[in-house]
Each structure stands twice: as C-alpha cells, then as structure tokens.
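Student: Please find run-v8.txt (compact mmCIF, N, CA and C atoms) on the next line:
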# COMPACT_ATOMS: atom_id res chain seq x y z
N MET A 1 -116.23 147.54 98.61
CA MET A 1 -115.58 148.62 99.32
C MET A 1 -116.39 148.94 100.58
N ALA A 2 -115.73 149.24 101.65
CA ALA A 2 -116.40 149.52 102.93
C ALA A 2 -117.15 150.85 102.86
N SER A 3 -118.20 150.93 103.65
CA SER A 3 -118.98 152.16 103.73
C SER A 3 -118.13 153.28 104.31
N LYS A 4 -118.44 154.48 103.90
CA LYS A 4 -117.81 155.67 104.47
C LYS A 4 -118.69 156.17 105.59
N LYS A 5 -118.07 156.50 106.72
CA LYS A 5 -118.81 157.01 107.87
C LYS A 5 -118.87 158.53 107.82
N ILE A 6 -120.08 159.05 107.93
CA ILE A 6 -120.28 160.50 107.96
C ILE A 6 -120.91 160.87 109.28
N LEU A 7 -120.28 161.78 110.01
CA LEU A 7 -120.87 162.33 111.22
C LEU A 7 -121.68 163.54 110.80
N LEU A 8 -122.98 163.46 111.00
CA LEU A 8 -123.90 164.52 110.63
C LEU A 8 -124.33 165.24 111.91
N VAL A 9 -123.95 166.50 112.02
CA VAL A 9 -124.22 167.28 113.23
C VAL A 9 -125.23 168.36 112.88
N GLU A 10 -126.46 168.16 113.34
CA GLU A 10 -127.56 169.05 112.97
C GLU A 10 -128.63 168.96 114.05
N ASP A 11 -129.06 170.11 114.57
CA ASP A 11 -130.06 170.09 115.64
C ASP A 11 -131.49 170.16 115.13
N ASN A 12 -131.66 170.35 113.82
CA ASN A 12 -133.00 170.42 113.24
C ASN A 12 -133.30 169.11 112.53
N GLU A 13 -134.33 168.41 113.00
CA GLU A 13 -134.67 167.09 112.48
C GLU A 13 -135.00 167.12 110.98
N VAL A 14 -135.67 168.17 110.52
CA VAL A 14 -136.02 168.29 109.10
C VAL A 14 -134.74 168.42 108.26
N ASN A 15 -133.82 169.26 108.71
CA ASN A 15 -132.56 169.42 107.98
C ASN A 15 -131.73 168.14 108.01
N MET A 16 -131.76 167.44 109.14
CA MET A 16 -131.05 166.15 109.26
C MET A 16 -131.58 165.18 108.19
N ARG A 17 -132.91 165.08 108.10
CA ARG A 17 -133.52 164.17 107.11
C ARG A 17 -133.20 164.61 105.69
N LEU A 18 -133.21 165.92 105.45
CA LEU A 18 -132.92 166.43 104.12
C LEU A 18 -131.50 166.04 103.67
N VAL A 19 -130.54 166.21 104.54
CA VAL A 19 -129.16 165.85 104.20
C VAL A 19 -129.07 164.36 103.91
N LYS A 20 -129.67 163.54 104.76
CA LYS A 20 -129.63 162.09 104.55
C LYS A 20 -130.34 161.69 103.26
N LEU A 21 -131.46 162.34 102.97
CA LEU A 21 -132.20 162.06 101.74
C LEU A 21 -131.37 162.46 100.52
N THR A 22 -130.70 163.60 100.61
CA THR A 22 -129.84 164.08 99.51
C THR A 22 -128.72 163.08 99.21
N LEU A 23 -128.23 162.41 100.25
CA LEU A 23 -127.09 161.50 100.09
C LEU A 23 -127.50 160.03 100.04
N LYS A 24 -128.82 159.76 99.94
CA LYS A 24 -129.25 158.36 99.93
C LYS A 24 -128.73 157.67 98.67
N ASN A 25 -128.79 156.36 98.68
CA ASN A 25 -128.30 155.51 97.58
C ASN A 25 -126.79 155.58 97.40
N GLN A 26 -126.12 156.15 98.38
CA GLN A 26 -124.66 156.12 98.41
C GLN A 26 -124.29 155.14 99.51
N ASP A 27 -123.07 154.70 99.51
CA ASP A 27 -122.65 153.74 100.53
C ASP A 27 -122.11 154.49 101.75
N TYR A 28 -123.00 155.23 102.41
CA TYR A 28 -122.60 156.02 103.57
C TYR A 28 -123.32 155.53 104.81
N ASP A 29 -122.59 155.45 105.90
CA ASP A 29 -123.19 155.17 107.21
C ASP A 29 -123.22 156.49 107.97
N PHE A 30 -124.38 156.85 108.48
CA PHE A 30 -124.51 158.12 109.20
C PHE A 30 -124.45 157.91 110.70
N ILE A 31 -123.70 158.78 111.34
CA ILE A 31 -123.65 158.88 112.79
C ILE A 31 -124.26 160.26 113.05
N GLU A 32 -125.18 160.36 113.98
CA GLU A 32 -125.90 161.62 114.17
C GLU A 32 -125.62 162.23 115.54
N ALA A 33 -125.46 163.56 115.52
CA ALA A 33 -125.34 164.33 116.76
C ALA A 33 -126.21 165.56 116.60
N SER A 34 -126.84 165.98 117.70
CA SER A 34 -127.71 167.16 117.63
C SER A 34 -127.13 168.36 118.38
N ASN A 35 -125.93 168.21 118.93
CA ASN A 35 -125.27 169.36 119.55
C ASN A 35 -123.75 169.20 119.44
N GLY A 36 -123.05 170.29 119.71
CA GLY A 36 -121.60 170.32 119.52
C GLY A 36 -120.82 169.40 120.43
N GLU A 37 -121.25 169.29 121.68
CA GLU A 37 -120.53 168.43 122.63
C GLU A 37 -120.60 166.97 122.20
N ASP A 38 -121.80 166.53 121.81
CA ASP A 38 -121.95 165.15 121.33
C ASP A 38 -121.14 164.92 120.06
N ALA A 39 -121.07 165.93 119.21
CA ALA A 39 -120.32 165.81 117.95
C ALA A 39 -118.85 165.50 118.23
N ILE A 40 -118.26 166.21 119.17
CA ILE A 40 -116.84 165.98 119.50
C ILE A 40 -116.64 164.59 120.09
N ASP A 41 -117.53 164.20 121.00
CA ASP A 41 -117.44 162.86 121.59
C ASP A 41 -117.56 161.77 120.53
N LEU A 42 -118.53 161.93 119.63
CA LEU A 42 -118.73 160.92 118.58
C LEU A 42 -117.57 160.89 117.58
N ALA A 43 -117.01 162.05 117.28
CA ALA A 43 -115.86 162.09 116.36
C ALA A 43 -114.69 161.31 116.96
N GLU A 44 -114.46 161.49 118.26
CA GLU A 44 -113.36 160.77 118.92
C GLU A 44 -113.63 159.27 118.97
N GLU A 45 -114.88 158.92 119.23
CA GLU A 45 -115.26 157.52 119.40
C GLU A 45 -115.35 156.78 118.06
N GLN A 46 -115.93 157.42 117.05
CA GLN A 46 -116.27 156.75 115.79
C GLN A 46 -115.26 156.97 114.65
N ARG A 47 -114.48 158.02 114.73
CA ARG A 47 -113.50 158.36 113.67
C ARG A 47 -114.15 158.37 112.27
N PRO A 48 -115.08 159.29 112.03
CA PRO A 48 -115.75 159.32 110.72
C PRO A 48 -114.79 159.75 109.61
N HIS A 49 -115.19 159.49 108.38
CA HIS A 49 -114.41 159.89 107.22
C HIS A 49 -114.69 161.35 106.85
N LEU A 50 -115.85 161.84 107.27
CA LEU A 50 -116.27 163.20 106.95
C LEU A 50 -117.23 163.68 108.04
N ILE A 51 -117.19 164.99 108.32
CA ILE A 51 -118.13 165.59 109.27
C ILE A 51 -118.90 166.68 108.54
N ILE A 52 -120.22 166.58 108.59
CA ILE A 52 -121.10 167.62 108.06
C ILE A 52 -121.64 168.34 109.29
N LEU A 53 -121.27 169.60 109.42
CA LEU A 53 -121.45 170.33 110.66
C LEU A 53 -122.31 171.58 110.49
N ASP A 54 -123.48 171.57 111.12
CA ASP A 54 -124.30 172.78 111.15
C ASP A 54 -123.58 173.78 112.05
N ILE A 55 -123.63 175.04 111.69
CA ILE A 55 -122.93 176.07 112.46
C ILE A 55 -123.76 176.54 113.65
N GLN A 56 -125.08 176.61 113.49
CA GLN A 56 -125.96 177.05 114.58
C GLN A 56 -126.38 175.85 115.41
N LEU A 57 -125.70 175.59 116.50
CA LEU A 57 -125.98 174.43 117.34
C LEU A 57 -126.17 174.85 118.79
N PRO A 58 -126.95 174.07 119.55
CA PRO A 58 -127.07 174.34 120.99
C PRO A 58 -125.80 173.90 121.73
N LYS A 59 -125.58 174.43 122.89
CA LYS A 59 -124.47 174.13 123.80
C LYS A 59 -123.14 174.68 123.30
N MET A 60 -122.73 174.26 122.12
CA MET A 60 -121.45 174.68 121.56
C MET A 60 -121.68 174.86 120.06
N ASP A 61 -121.42 176.06 119.53
CA ASP A 61 -121.71 176.27 118.11
C ASP A 61 -120.70 175.58 117.21
N GLY A 62 -121.04 175.54 115.93
CA GLY A 62 -120.21 174.84 114.95
C GLY A 62 -118.81 175.41 114.81
N TYR A 63 -118.67 176.72 115.02
CA TYR A 63 -117.33 177.33 114.96
C TYR A 63 -116.43 176.71 116.02
N GLU A 64 -116.96 176.62 117.23
CA GLU A 64 -116.17 176.07 118.34
C GLU A 64 -115.90 174.58 118.13
N VAL A 65 -116.89 173.86 117.61
CA VAL A 65 -116.70 172.44 117.32
C VAL A 65 -115.58 172.25 116.29
N ALA A 66 -115.64 173.02 115.22
CA ALA A 66 -114.61 172.91 114.16
C ALA A 66 -113.23 173.22 114.72
N ARG A 67 -113.12 174.30 115.50
CA ARG A 67 -111.82 174.66 116.09
C ARG A 67 -111.30 173.55 117.00
N THR A 68 -112.19 172.98 117.81
CA THR A 68 -111.79 171.91 118.72
C THR A 68 -111.31 170.69 117.94
N LEU A 69 -112.05 170.31 116.92
CA LEU A 69 -111.67 169.13 116.12
C LEU A 69 -110.33 169.35 115.42
N LYS A 70 -110.14 170.52 114.85
CA LYS A 70 -108.91 170.79 114.11
C LYS A 70 -107.71 170.97 115.04
N ASN A 71 -107.96 171.22 116.32
CA ASN A 71 -106.87 171.33 117.30
C ASN A 71 -106.63 170.02 118.05
N THR A 72 -107.32 168.98 117.64
CA THR A 72 -107.14 167.66 118.26
C THR A 72 -106.33 166.81 117.28
N GLU A 73 -105.13 166.45 117.69
CA GLU A 73 -104.19 165.76 116.79
C GLU A 73 -104.82 164.57 116.07
N SER A 74 -105.55 163.74 116.78
CA SER A 74 -106.10 162.52 116.19
C SER A 74 -107.31 162.76 115.29
N LEU A 75 -107.85 163.98 115.29
CA LEU A 75 -109.06 164.26 114.51
C LEU A 75 -108.87 165.33 113.44
N LYS A 76 -107.76 166.04 113.48
CA LYS A 76 -107.61 167.21 112.61
C LYS A 76 -107.59 166.90 111.12
N HIS A 77 -107.33 165.63 110.76
CA HIS A 77 -107.29 165.25 109.34
C HIS A 77 -108.69 165.03 108.75
N ILE A 78 -109.71 164.94 109.61
CA ILE A 78 -111.06 164.65 109.12
C ILE A 78 -111.64 165.91 108.48
N PRO A 79 -112.04 165.82 107.21
CA PRO A 79 -112.61 167.01 106.56
C PRO A 79 -113.97 167.38 107.17
N ILE A 80 -114.23 168.67 107.24
CA ILE A 80 -115.47 169.19 107.79
C ILE A 80 -116.14 170.09 106.77
N ILE A 81 -117.41 169.80 106.47
CA ILE A 81 -118.22 170.68 105.64
C ILE A 81 -119.13 171.46 106.59
N GLY A 82 -118.97 172.78 106.63
CA GLY A 82 -119.79 173.63 107.48
C GLY A 82 -121.07 174.01 106.75
N LEU A 83 -122.21 173.76 107.38
CA LEU A 83 -123.52 174.11 106.83
C LEU A 83 -124.09 175.28 107.61
N THR A 84 -124.59 176.27 106.91
CA THR A 84 -125.20 177.38 107.62
C THR A 84 -126.30 178.05 106.81
N ALA A 85 -127.28 178.54 107.51
CA ALA A 85 -128.34 179.32 106.86
C ALA A 85 -127.86 180.75 106.63
N HIS A 86 -126.72 181.11 107.23
CA HIS A 86 -126.17 182.44 107.06
C HIS A 86 -125.40 182.52 105.76
N ALA A 87 -125.82 183.39 104.91
CA ALA A 87 -125.15 183.55 103.63
C ALA A 87 -124.79 185.02 103.42
N MET A 88 -124.42 185.65 104.50
CA MET A 88 -124.04 187.06 104.44
C MET A 88 -122.55 187.18 104.12
N LYS A 89 -122.18 188.37 103.68
CA LYS A 89 -120.78 188.64 103.40
C LYS A 89 -119.95 188.35 104.66
N GLY A 90 -118.90 187.59 104.51
CA GLY A 90 -118.03 187.27 105.64
C GLY A 90 -118.36 185.95 106.32
N ASP A 91 -119.55 185.41 106.10
CA ASP A 91 -119.91 184.15 106.76
C ASP A 91 -119.05 182.98 106.28
N GLU A 92 -118.84 182.90 104.97
CA GLU A 92 -118.01 181.81 104.44
C GLU A 92 -116.61 181.89 105.03
N GLU A 93 -116.06 183.08 105.07
CA GLU A 93 -114.71 183.28 105.62
C GLU A 93 -114.66 182.85 107.09
N ARG A 94 -115.68 183.20 107.87
CA ARG A 94 -115.73 182.81 109.29
C ARG A 94 -115.78 181.28 109.44
N VAL A 95 -116.57 180.63 108.60
CA VAL A 95 -116.70 179.17 108.66
C VAL A 95 -115.37 178.51 108.32
N LEU A 96 -114.72 178.99 107.27
CA LEU A 96 -113.44 178.41 106.86
C LEU A 96 -112.34 178.72 107.88
N ASN A 97 -112.35 179.92 108.43
CA ASN A 97 -111.34 180.28 109.44
C ASN A 97 -111.48 179.47 110.72
N ALA A 98 -112.67 178.99 111.00
CA ALA A 98 -112.88 178.18 112.20
C ALA A 98 -112.30 176.77 112.02
N GLY A 99 -112.02 176.39 110.77
CA GLY A 99 -111.42 175.08 110.54
C GLY A 99 -112.18 174.20 109.58
N CYS A 100 -113.34 174.67 109.11
CA CYS A 100 -114.07 173.86 108.14
C CYS A 100 -113.32 173.85 106.81
N ASP A 101 -113.43 172.72 106.11
CA ASP A 101 -112.73 172.58 104.82
C ASP A 101 -113.58 173.08 103.66
N ALA A 102 -114.88 173.23 103.91
CA ALA A 102 -115.79 173.74 102.88
C ALA A 102 -116.98 174.39 103.58
N TYR A 103 -117.66 175.24 102.82
CA TYR A 103 -118.80 176.00 103.32
C TYR A 103 -119.97 175.77 102.39
N VAL A 104 -121.13 175.44 102.94
CA VAL A 104 -122.34 175.27 102.14
C VAL A 104 -123.46 176.03 102.83
N SER A 105 -124.14 176.88 102.07
CA SER A 105 -125.26 177.62 102.66
C SER A 105 -126.56 176.88 102.40
N LYS A 106 -127.49 177.04 103.32
CA LYS A 106 -128.83 176.47 103.18
C LYS A 106 -129.71 177.53 102.52
N PRO A 107 -130.70 177.15 101.75
CA PRO A 107 -131.04 175.77 101.41
C PRO A 107 -129.99 175.13 100.50
N LEU A 108 -129.85 173.83 100.65
CA LEU A 108 -128.83 173.10 99.90
C LEU A 108 -129.12 173.06 98.41
N ASP A 109 -128.08 173.22 97.63
CA ASP A 109 -128.13 172.86 96.21
C ASP A 109 -127.76 171.38 96.21
N THR A 110 -128.76 170.51 96.08
CA THR A 110 -128.54 169.08 96.32
C THR A 110 -127.48 168.46 95.41
N ASN A 111 -127.47 168.81 94.14
CA ASN A 111 -126.47 168.23 93.23
C ASN A 111 -125.06 168.69 93.60
N GLN A 112 -124.92 169.96 93.88
CA GLN A 112 -123.61 170.51 94.27
C GLN A 112 -123.15 169.87 95.59
N PHE A 113 -124.07 169.74 96.54
CA PHE A 113 -123.75 169.17 97.84
C PHE A 113 -123.32 167.71 97.70
N ARG A 114 -124.06 166.95 96.91
CA ARG A 114 -123.69 165.54 96.68
C ARG A 114 -122.29 165.43 96.10
N GLY A 115 -121.99 166.28 95.14
CA GLY A 115 -120.67 166.27 94.51
C GLY A 115 -119.56 166.64 95.48
N LEU A 116 -119.84 167.62 96.34
CA LEU A 116 -118.85 168.05 97.34
C LEU A 116 -118.55 166.91 98.32
N VAL A 117 -119.59 166.26 98.82
CA VAL A 117 -119.42 165.14 99.75
C VAL A 117 -118.61 164.03 99.08
N LYS A 118 -118.99 163.71 97.86
CA LYS A 118 -118.29 162.65 97.12
C LYS A 118 -116.81 163.00 96.92
N SER A 119 -116.52 164.26 96.62
CA SER A 119 -115.12 164.65 96.38
C SER A 119 -114.29 164.51 97.66
N PHE A 120 -114.86 164.87 98.80
CA PHE A 120 -114.13 164.71 100.06
C PHE A 120 -113.92 163.23 100.39
N LEU A 121 -114.93 162.43 100.14
CA LEU A 121 -114.83 161.01 100.51
C LEU A 121 -113.99 160.19 99.54
N SER A 122 -113.73 160.72 98.37
CA SER A 122 -112.91 159.98 97.41
C SER A 122 -111.42 160.24 97.63
N LYS A 123 -111.11 161.26 98.44
CA LYS A 123 -109.70 161.54 98.74
C LYS A 123 -109.16 160.50 99.70
N LYS A 124 -107.92 160.18 99.53
CA LYS A 124 -107.27 159.25 100.46
C LYS A 124 -106.87 160.01 101.70
N ILE A 125 -107.34 159.54 102.84
CA ILE A 125 -107.04 160.23 104.10
C ILE A 125 -105.81 159.60 104.72
Go through the file and emit its structure as structure tokens.
Tutor:
Amino acid sequence: MASKKILLVEDNEVNMRLVKLTLKNQDYDFIEASNGEDAIDLAEEQRPHLIILDIQLPKMDGYEVARTLKNTESLKHIPIIGLTAHAMKGDEERVLNAGCDAYVSKPLDTNQFRGLVKSFLSKKI
C-alpha cells in the first residue's frame, strides 16, 4: 500500500520532532511547513492525505490557514487536525469553527493522537 502523505505545519522544531516521533514506524511521508503561507502552498502542490496544523503560527495563524484550505474547492476534502497549547474553554470550538476536523491540545496524549491520525487516514477520501 502506498504511503500516506501528512503535511505537518509547526513552527517549533521540538514539537515538529515530537509529532514525527509519535507517528514513527507508520507508513507516513511527512511534508513540513513552519508557517501558514507555506502550508497553503504545500497543500496545493503536494495534496496530502492529512494536515496536522499548529494554531499558533507566524505570518498567518492556523485559524486562517484552516479557513483558507476549507474554502479552496480542491483542498477542502483534506482532513485537518488542529494542534494547540490553548486548552481554555472555547478553544476547541474556535479550532473546529475555523474548519479543523479535530482538535488536539498540547502536550499530546501520544496514544490518543496516534489513533486519531490513523482513523483519519483509514477513511476513504
């Protein structure tokens, strides 16, 4: 079976490595972006199967990235998992309202996160 492409959008190198380490030993190819503008360009260019999107990003935040992707006809079907260190009341709702298909707060619960990624990638797009 072909590898699944994941666009990982994270401006913190430690968090980027943590996500990749959490998902290692899976058949995933990672495409990396460290800001929102690059994320949109890479999504259009690479057509990933899943986008893992940090909400706190330079240039363009994750909310705006998610809204842009979901308003782009050719990209709106790609599931987006929004990652945020914000776990306050209303944050999950804001992330989902922006267009993310799921919300995960940091620090990651690695087993739960792995399962969530796998469930999105096992769906037929």
Student: Lys106 of chain A: which residues within 8 Å, counting all atoms listed in the file, same-chain residues fewer than 3 positions away excluded, as an MDAnalysis selection string?
Tutor: chainID A and resid 82:87 103 109
Student: For Asp54 of chain A, which of A:Leu116, A:Leu8, A:Cys100, A:Leu108 is the closest residue, counting only N, CA and C atoms?
Tutor: A:Leu8
Student: Run DSSP on the backbone of this structure and report the residues of segment 33-77 of chain A it assigns to strand (DSSP E), as a VMD selection string.
Tutor: chain A and resid 33 50 to 54
Student: Calculated over only N, CA and C atoms, which of the candidates A:Asp27, A:Lys5, A:Gly62, A:Arg67 has the smallest distance to Gln46 of chain A?
Tutor: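 Checking each candidate against Gln46 of chain A, we get A:Lys5 as the closest.
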Student: Any idea what the distance is between atom C of Lys4 of chain A and atom CA of Gln112 of chain A?
Tutor: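 Answer for the atom C of Lys4 of chain A to atom CA of Gln112 of chain A separation: 18.9 Å.
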Student: Which of these residues is nearest to Gly99 of chain A, using all atoms listed in the file: A:Ser122, A:Asn111, A:Asp38, A:Val65?
Tutor: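 That would be A:Val65, the residue with the smallest distance to Gly99 of chain A.
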Student: Step by step, gather every atom of segment 10-26 of chain A that the file lists, find the box along x, y and z that holds them, add 5 Å on each side, and finally give centre and edge lengths in Å to one decimal, as lines of an AutoDock Vina configuration file.
Tutor:
center_x = -130.2
center_y = 162.8
center_z = 106.5
size_x = 21.7
size_y = 25.3
size_z = 28.2
Student: Hey, which of A:Asn35, A:Asp41, A:Arg114, A:Pro79 ends up closest to Met60 of chain A? Count all atoms listed in the file.
Tutor: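 Closest to Met60 of chain A of all the choices is A:Asn35.
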Student: Just list as a PyMOL selection string whatever in chain A DSSP marks as helix (DSSP H, G or I).
Tutor: chain A and resi 13-22+36-46+62-70+91-97+110-122
Student: Which residue gives the smallest distance to Lys24 of chain A among A:Val117, A:Lys59, A:Gly90, A:Leu42, with only C-alpha atoms counted?
Tutor: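 Once distances to Lys24 of chain A are computed over only C-alpha atoms, the minimum belongs to A:Val117.
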Student: Figure out the distance between atom CA of Arg94 of chain A and atom N of Phe30 of chain A, please, to one decimal in Å.
Tutor: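 Calculated distance between atom N of Phe30 of chain A and atom CA of Arg94 of chain A is 27.4 Å.
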